[in-house]
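Below is my_file-v6.txt, which holds compact mmCIF, C-alpha atoms.
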# COMPACT_ATOMS: atom_id res chain seq x y z
CA MET A 1 75.23 90.18 117.49
CA GLU A 2 73.66 90.96 114.08
CA THR A 3 75.73 91.32 110.88
CA LYS A 4 75.27 95.09 110.75
CA GLU A 5 76.44 95.45 114.34
CA TYR A 6 79.77 93.76 113.56
CA LEU A 7 80.20 96.11 110.61
CA ILE A 8 79.32 99.22 112.61
CA ASN A 9 81.68 98.21 115.42
CA TYR A 10 84.51 97.72 112.92
CA TYR A 11 84.14 101.12 111.26
CA GLU A 12 83.74 102.90 114.59
CA THR A 13 87.23 101.75 115.56
CA HIS A 14 88.93 101.67 112.12
CA ASP A 15 90.33 104.75 110.37
CA GLU A 16 89.09 103.97 106.85
CA ASP A 17 89.64 107.55 105.70
CA GLY A 18 93.23 107.42 106.89
CA ARG A 19 93.82 104.03 105.23
CA LEU A 20 93.01 105.34 101.76
CA ARG A 21 95.29 108.34 102.27
CA THR A 22 98.42 106.30 103.03
CA ARG A 23 100.80 105.49 100.18
CA ARG A 24 99.71 101.84 100.24
CA GLY A 25 96.01 102.67 100.52
CA SER A 26 96.17 105.19 97.71
CA VAL A 27 97.22 102.51 95.19
CA GLU A 28 93.73 100.99 95.31
CA PHE A 29 92.21 104.48 95.17
CA LEU A 30 94.31 105.70 92.23
CA THR A 31 93.77 102.50 90.23
CA THR A 32 90.01 102.64 90.75
CA VAL A 33 89.85 106.33 89.83
CA HIS A 34 91.89 105.64 86.70
CA TYR A 35 89.27 103.18 85.47
CA VAL A 36 86.26 105.28 86.47
CA GLU A 37 87.67 108.27 84.61
CA ARG A 38 87.93 106.19 81.42
CA TYR A 39 84.11 106.20 81.29
CA LEU A 40 83.23 109.58 82.79
CA LYS A 41 81.92 112.32 80.53
CA PRO A 42 80.86 115.87 81.42
CA GLY A 43 77.40 116.02 82.93
CA MET A 44 77.28 112.41 84.07
CA LYS A 45 75.69 111.58 87.42
CA ILE A 46 77.43 109.23 89.84
CA LEU A 47 75.97 107.10 92.62
CA GLU A 48 78.29 105.64 95.25
CA ILE A 49 76.71 102.83 97.26
CA GLY A 50 78.53 102.13 100.51
CA ALA A 51 80.52 105.35 100.25
CA GLY A 52 82.34 104.99 103.55
CA THR A 53 83.97 108.26 104.52
CA GLY A 54 83.56 109.62 100.99
CA ARG A 55 87.07 109.42 99.54
CA TYR A 56 85.73 108.61 96.06
CA SER A 57 82.55 110.68 96.27
CA HIS A 58 84.44 113.81 97.30
CA TYR A 59 87.10 113.31 94.64
CA PHE A 60 84.57 113.17 91.81
CA ALA A 61 82.40 115.95 93.27
CA GLN A 62 85.45 118.18 93.57
CA ASN A 63 86.12 117.49 89.91
CA GLY A 64 82.74 118.84 88.89
CA TYR A 65 80.42 115.82 88.89
CA GLN A 66 77.09 115.43 90.66
CA VAL A 67 77.57 112.61 93.17
CA ASP A 68 74.93 111.04 95.39
CA ALA A 69 76.30 108.80 98.13
CA ILE A 70 74.65 106.14 100.29
CA GLU A 71 76.31 104.83 103.45
CA LEU A 72 75.14 102.49 106.20
CA THR A 73 77.15 103.57 109.23
CA GLU A 74 76.66 106.84 111.12
CA CYS A 75 80.35 107.15 112.00
CA ASN A 76 81.35 107.12 108.33
CA ILE A 77 78.58 109.58 107.46
CA GLU A 78 79.90 112.00 110.09
CA VAL A 79 83.39 111.90 108.56
CA PHE A 80 81.86 112.22 105.08
CA ARG A 81 80.06 115.42 106.09
CA THR A 82 83.16 116.79 107.82
CA ASN A 83 85.19 116.25 104.63
CA THR A 84 82.63 117.96 102.39
CA GLN A 85 83.99 121.19 100.91
CA MET A 86 82.06 124.32 100.07
CA GLY A 87 80.46 124.08 96.65
CA GLU A 88 80.73 120.32 96.22
CA ARG A 89 77.84 118.82 94.28
CA VAL A 90 77.49 115.87 96.65
CA THR A 91 74.78 114.40 98.86
CA ILE A 92 74.96 111.71 101.52
CA THR A 93 72.04 109.52 102.63
CA GLN A 94 71.96 106.68 105.12
CA GLY A 95 70.92 103.44 103.48
CA ASP A 96 71.52 99.76 102.82
CA ALA A 97 73.05 98.45 99.57
CA CYS A 98 70.49 95.64 99.51
CA ASP A 99 67.52 98.03 99.57
CA LEU A 100 67.71 101.13 97.39
CA SER A 101 63.93 101.42 97.06
CA HIS A 102 64.20 105.20 97.53
CA VAL A 103 66.28 105.44 94.33
CA SER A 104 64.51 105.41 90.96
CA ASP A 105 65.34 102.98 88.16
CA GLU A 106 67.84 104.11 85.51
CA SER A 107 68.97 107.19 87.44
CA TYR A 108 72.77 107.16 87.18
CA ASP A 109 75.42 106.97 84.48
CA ILE A 110 78.08 105.56 86.80
CA THR A 111 77.42 103.42 89.88
CA LEU A 112 80.16 102.62 92.38
CA LEU A 113 79.68 99.54 94.58
CA LEU A 114 83.14 99.67 96.13
CA GLY A 115 82.46 98.43 99.66
CA PRO A 116 79.21 96.51 100.17
CA MET A 117 80.30 93.24 98.55
CA TYR A 118 83.06 93.04 101.18
CA HIS A 119 80.45 92.66 103.90
CA LEU A 120 77.70 90.44 102.44
CA TYR A 121 77.96 86.78 103.45
CA THR A 122 75.16 85.00 101.61
CA GLU A 123 74.51 84.63 97.91
CA PRO A 124 70.98 86.12 98.13
CA GLU A 125 72.39 89.26 99.80
CA GLN A 126 75.18 89.53 97.27
CA LYS A 127 72.79 89.16 94.33
CA ARG A 128 70.39 91.67 95.88
CA ALA A 129 73.11 94.31 96.16
CA LEU A 130 74.17 93.71 92.56
CA THR A 131 70.54 93.76 91.40
CA GLU A 132 69.95 97.10 93.09
CA ALA A 133 73.16 98.63 91.72
CA ILE A 134 72.26 97.54 88.19
CA ARG A 135 68.62 98.64 88.53
CA VAL A 136 69.48 102.24 89.41
CA THR A 137 72.06 102.48 86.61
CA LYS A 138 70.99 103.72 83.19
CA THR A 139 71.02 101.30 80.28
CA GLY A 140 74.50 101.65 78.82
CA GLY A 141 75.81 102.91 82.16
CA ILE A 142 78.79 101.42 83.96
CA VAL A 143 78.90 99.65 87.34
CA PHE A 144 82.10 99.20 89.36
CA ALA A 145 81.90 96.42 91.96
CA ALA A 146 84.80 95.67 94.33
CA TYR A 147 85.65 92.40 96.11
CA CYS A 148 88.25 91.01 98.56
CA ASN A 149 90.52 88.27 97.26
CA SER A 150 90.48 84.98 99.19
CA ASP A 151 93.91 83.74 98.13
CA MET A 152 95.90 86.87 98.93
CA THR A 153 94.24 86.88 102.34
CA MET A 154 95.34 83.29 102.80
CA LEU A 155 98.93 84.23 101.95
CA GLN A 156 99.08 87.54 103.79
CA TYR A 157 97.16 86.78 106.97
CA CYS A 158 97.03 83.01 107.39
CA PHE A 159 100.65 82.37 106.47
CA GLY A 160 102.29 85.82 106.58
CA ARG A 161 100.85 86.74 109.96
CA GLY A 162 100.80 83.28 111.46
CA MET A 163 97.01 82.82 111.61
CA ILE A 164 96.89 79.57 109.63
CA HIS A 165 96.45 77.22 112.62
CA GLN A 166 93.76 79.38 114.20
CA SER A 167 91.91 79.51 110.88
CA LEU A 168 92.12 75.74 110.54
CA THR A 169 90.89 75.24 114.09
CA GLU A 170 87.92 77.52 113.39
CA ASN A 171 87.11 75.59 110.17
CA LYS A 172 87.52 78.69 108.02
CA ILE A 173 89.58 76.93 105.35
CA ASP A 174 88.35 74.26 102.92
CA LEU A 175 91.21 71.73 102.92
CA VAL A 176 90.38 70.62 99.37
CA THR A 177 90.16 74.02 97.64
CA TYR A 178 91.85 76.18 100.32
CA LYS A 179 89.06 78.68 99.91
CA LEU A 180 88.52 80.87 102.97
CA SER A 181 85.06 81.19 104.44
CA SER A 182 83.88 84.15 106.49
CA LEU A 183 81.30 84.87 109.16
CA PRO A 184 79.84 88.29 109.97
CA GLU A 185 82.19 88.63 112.95
CA ASP A 186 85.12 88.37 110.50
CA VAL A 187 83.75 91.55 108.84
CA PHE A 188 85.14 90.76 105.36
CA GLN A 189 83.82 88.23 102.84
CA MET A 190 86.37 86.58 100.57
CA TYR A 191 85.92 85.75 96.88
CA ARG A 192 87.57 84.03 93.98
CA LYS A 193 86.96 85.07 90.40
CA GLU A 194 84.86 81.99 89.62
CA GLU A 195 82.48 82.99 92.43
CA ILE A 196 82.15 86.49 91.01
CA ASP A 197 81.53 85.02 87.55
CA ALA A 198 78.78 82.82 88.99
CA LEU A 199 77.13 85.79 90.71
CA MET A 200 77.11 87.77 87.47
CA GLN A 201 75.87 85.12 85.06
CA ASP A 202 72.17 85.93 85.47
CA PHE A 203 72.53 89.67 84.85
CA SER A 204 72.21 91.41 81.50
CA VAL A 205 75.63 93.04 81.58
CA THR A 206 78.89 92.98 79.64
CA ARG A 207 82.16 92.81 81.53
CA LEU A 208 84.57 95.52 80.37
CA HIS A 209 87.47 94.97 82.77
CA TYR A 210 88.44 92.73 85.67
CA VAL A 211 91.13 94.55 87.62
CA GLY A 212 93.48 93.96 90.55
CA THR A 213 93.37 97.37 92.20
CA ASP A 214 96.32 97.08 94.60
CA MET A 215 98.19 94.00 93.36
CA LEU A 216 101.09 93.09 95.72
CA THR A 217 101.01 96.43 97.53
CA HIS A 218 99.88 95.06 100.88
CA MET A 219 102.53 92.35 100.85
CA MET A 220 105.20 95.06 100.44
CA ARG A 221 103.40 97.87 102.26
CA GLU A 222 106.41 99.17 104.22
CA CYS A 223 108.40 99.45 100.98
CA VAL A 224 105.56 101.28 99.23
CA ASP A 225 105.03 103.67 102.14
CA ALA A 226 108.75 104.53 102.07
CA MET A 227 108.85 105.37 98.35
CA ASP A 228 109.67 108.92 97.27
CA ASP A 229 107.26 110.65 94.90
CA THR A 230 109.17 109.74 91.75
CA THR A 231 109.43 106.05 92.65
CA PHE A 232 105.80 105.90 93.74
CA ASN A 233 104.61 107.40 90.44
CA ILE A 234 106.57 104.74 88.56
CA TYR A 235 105.06 102.10 90.85
CA ILE A 236 101.53 103.31 90.04
CA GLN A 237 102.24 103.19 86.30
CA TYR A 238 103.64 99.67 86.67
CA THR A 239 100.58 98.59 88.66
CA LEU A 240 98.29 99.94 85.93
CA SER A 241 100.30 98.02 83.33
CA ILE A 242 99.82 94.64 85.06
CA CYS A 243 96.47 94.94 86.84
CA GLU A 244 94.47 93.22 84.06
CA ARG A 245 97.07 90.63 83.06
CA PRO A 246 95.63 87.13 83.57
CA ASP A 247 98.98 85.86 84.86
CA MET A 248 99.18 88.64 87.48
CA ILE A 249 95.67 89.52 88.59
CA GLY A 250 95.49 86.90 91.33
CA ALA A 251 98.23 88.81 93.20
CA THR A 252 95.91 91.45 94.59
CA ASN A 253 94.01 92.05 97.80
CA HIS A 254 91.14 93.88 96.10
CA MET A 255 89.47 93.11 92.78
CA LEU A 256 87.29 95.42 90.69
CA ASP A 257 84.67 94.05 88.29
CA ILE A 258 83.65 96.68 85.74
CA PHE A 259 80.60 96.04 83.57
CA ARG A 260 78.10 97.80 81.33
CA LYS A 261 74.34 97.47 81.80
CA GLU A 262 72.73 96.21 78.58
Could I get this structure in the form of structure tokens?
Amino acid sequence: METKEYLINYYETHDEDGRLRTRRGSVEFLTTVHYVERYLKPGMKILEIGAGTGRYSHYFAQNGYQVDAIELTECNIEVFRTNTQMGERVTITQGDACDLSHVSDESYDITLLLGPMYHLYTEPEQKRALTEAIRVTKTGGIVFAAYCNSDMTMLQYCFGRGMIHQSLTENKIDLVTYKLSSLPEDVFQMYRKEEIDALMQDFSVTRLHYVGTDMLTHMMRECVDAMDDTTFNIYIQYTLSICERPDMIGATNHMLDIFRKE
């Protein structure tokens, strides 16, 4: 089975739209939106690459921005179109993050790459997706690239859910570094910050923020889902207060690298 087939099969059976609308899923969403809105100005154009079901694209379009979205899988595109409201300034096109040849250079003020890096397993693919995202962004524009954290996956799934022995048997753990490795059938690629730094070193960009977008939320997901509105709002403010702290940022499932194109 090809890499794209594993990805398509996953999203055809996984309620990604529903995940982001749960209390625990909305922490990642609200943190990401908080940082995007720090750089948004009236009239800016947004591109979302790997838009999924459109949770981010629709949010920004409903707040008055022109958003163009690109998504690989038909099932996500169908949900995206279903969720589109009358009057939204949003488009959706089927496409691959590694080949945006139909998009002109320097076209967008803000580029969101919030899903594709999760599903790219080789360095050439990863660099190609980053190259394309940077190419279509205006000089001075901001790119937001999201990644999955290897170490929190080790803690949550390998130890927390009892998958450590299976992972060892399948040779998915380096017993010197304890870095997880992934294959396309695993669907998600895992990263550490030093790997992201290495990917970015050849690009003419300036890092503005490196953020843990959900911190320990998935380790305490039942507690977060049970919070009342007042408690949850305090939890979000606390998360925003720690999500860039060097001593805390490793405690996150999802990481967001935010950088300016020079």
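Closest approach to A:Tyr178 from the set A:Glu194, A:Asp151, A:Met200, A:Asp96 is made by A:Asp151, with distances taken over only C-alpha atoms.
With all atoms listed in the file as the atoms that count, the minimum distance from A:Ser150 to the choices A:Gln85, A:Val187, A:Asn253, A:Arg135 is reached by A:Asn253.
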Quiz prompt | atom CA of A:Asp247 to atom CA of A:Gly160, straight-line distance in Å | solution = 22.0 Å
Quiz item: Between atom CA of A:Ile70 and atom CA of A:Met215, what is the distance, to one decimal in Å?
Solution: 27.4 Å
Take the point (78.0, 105.5, 110.6) in the file's coordinates, draw a sphere of radius 12 Å around it, and report as a compact mmCIF listing (two decimals) with C-alpha atoms, in the coordinates of the input every protein, DNA or RNA residue with an atom inside or on it, counting only C-alpha atoms.
# COMPACT_ATOMS: atom_id res chain seq x y z
CA LYS A 4 75.27 95.09 110.75
CA GLU A 5 76.44 95.45 114.34
CA LEU A 7 80.20 96.11 110.61
CA ILE A 8 79.32 99.22 112.61
CA ASN A 9 81.68 98.21 115.42
CA TYR A 10 84.51 97.72 112.92
CA TYR A 11 84.14 101.12 111.26
CA GLU A 12 83.74 102.90 114.59
CA THR A 13 87.23 101.75 115.56
CA HIS A 14 88.93 101.67 112.12
CA GLU A 16 89.09 103.97 106.85
CA GLY A 50 78.53 102.13 100.51
CA ALA A 51 80.52 105.35 100.25
CA GLY A 52 82.34 104.99 103.55
CA THR A 53 83.97 108.26 104.52
CA GLY A 54 83.56 109.62 100.99
CA ILE A 70 74.65 106.14 100.29
CA GLU A 71 76.31 104.83 103.45
CA LEU A 72 75.14 102.49 106.20
CA THR A 73 77.15 103.57 109.23
CA GLU A 74 76.66 106.84 111.12
CA CYS A 75 80.35 107.15 112.00
CA ASN A 76 81.35 107.12 108.33
CA ILE A 77 78.58 109.58 107.46
CA GLU A 78 79.90 112.00 110.09
CA VAL A 79 83.39 111.90 108.56
CA PHE A 80 81.86 112.22 105.08
CA ARG A 81 80.06 115.42 106.09
CA ILE A 92 74.96 111.71 101.52
CA THR A 93 72.04 109.52 102.63
CA GLN A 94 71.96 106.68 105.12
CA GLY A 95 70.92 103.44 103.48
CA ASP A 96 71.52 99.76 102.82
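Minimum distance to A:Cys148 across A:Leu120, A:Ile258, A:Met163, A:Ala69 (counting all atoms listed in the file) occurs at A:Leu120.
Residues in contact with A:Arg221 at up to 12 Å, not including ones fewer than 2 positions away on its chain and judged by all atoms listed in the file, are Arg19, Thr22, Arg23, Arg24, Gly25, Ser26, Val27, Gln156, Asp214, Met215, Leu216, Thr217, His218, Met219, Cys223, Val224, Asp225, Ala226, Met227, Phe232 and Asn253 of chain A.
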Exercise. Quick one: residues within 12 Å of (79.2, 111.2, 82.2) (file frame), counting all atoms listed in the file, please, as a PyMOL selection string.
Key: chain A and resi 36-47+60+64-67+108-111+138+140-142
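Among A:Thr122, A:Gly212, A:Thr137, A:Lys261, the residue with the shortest atom-to-atom distance to A:Ser241, counting only C-alpha atoms, is A:Gly212.
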Self-check item: Pick from A:Met255, A:Leu130, A:Met248, A:Cys98, whichever lies nearest to A:Gln201 using all atoms listed in the file
Solution: A:Leu130
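If you measure from each of A:Leu256, A:Asp99, A:Thr213, A:Lys179 to A:Glu125 using all atoms listed in the file, the closest one turns out to be A:Asp99.
When atom CA of A:Gly115 is paired with atom CA of A:Ile236, their separation reads 21.9 Å.
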Exercise. Name the residues in contact with A:His58 at a cut-off of 8 Å, using all atoms listed in the file, excluding same-chain residues fewer than 6 positions from it; report them as an NGL selection string.
Key: :A and (83-84 or 88 or 90)
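Using only C-alpha atoms, the contacts of A:Arg192 at a cut-off of 12 Å, with sequence neighbours closer than 3 positions omitted, comprise Ala146, Tyr147, Cys148, Asn149, Ser150, Asp151, Met152, Thr153, Met154, Thr177, Tyr178, Lys179, Leu180, Ser181, Gln189, Glu195, Ile196, Asp197, Ala198, Leu199, Ile249, Gly250, Ala251, Thr252, Asn253, His254, Met255, Leu256 and Asp257 of chain A.
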Return as JSON the box centre and box size in Å, one decimal, for an axis-aligned box around all listed atoms of stretch 242-260 of chain A padded by 8 Å per side.
{"center_x": 89.0, "center_y": 91.8, "center_z": 89.6, "size_x": 37.7, "size_y": 27.9, "size_z": 32.5}
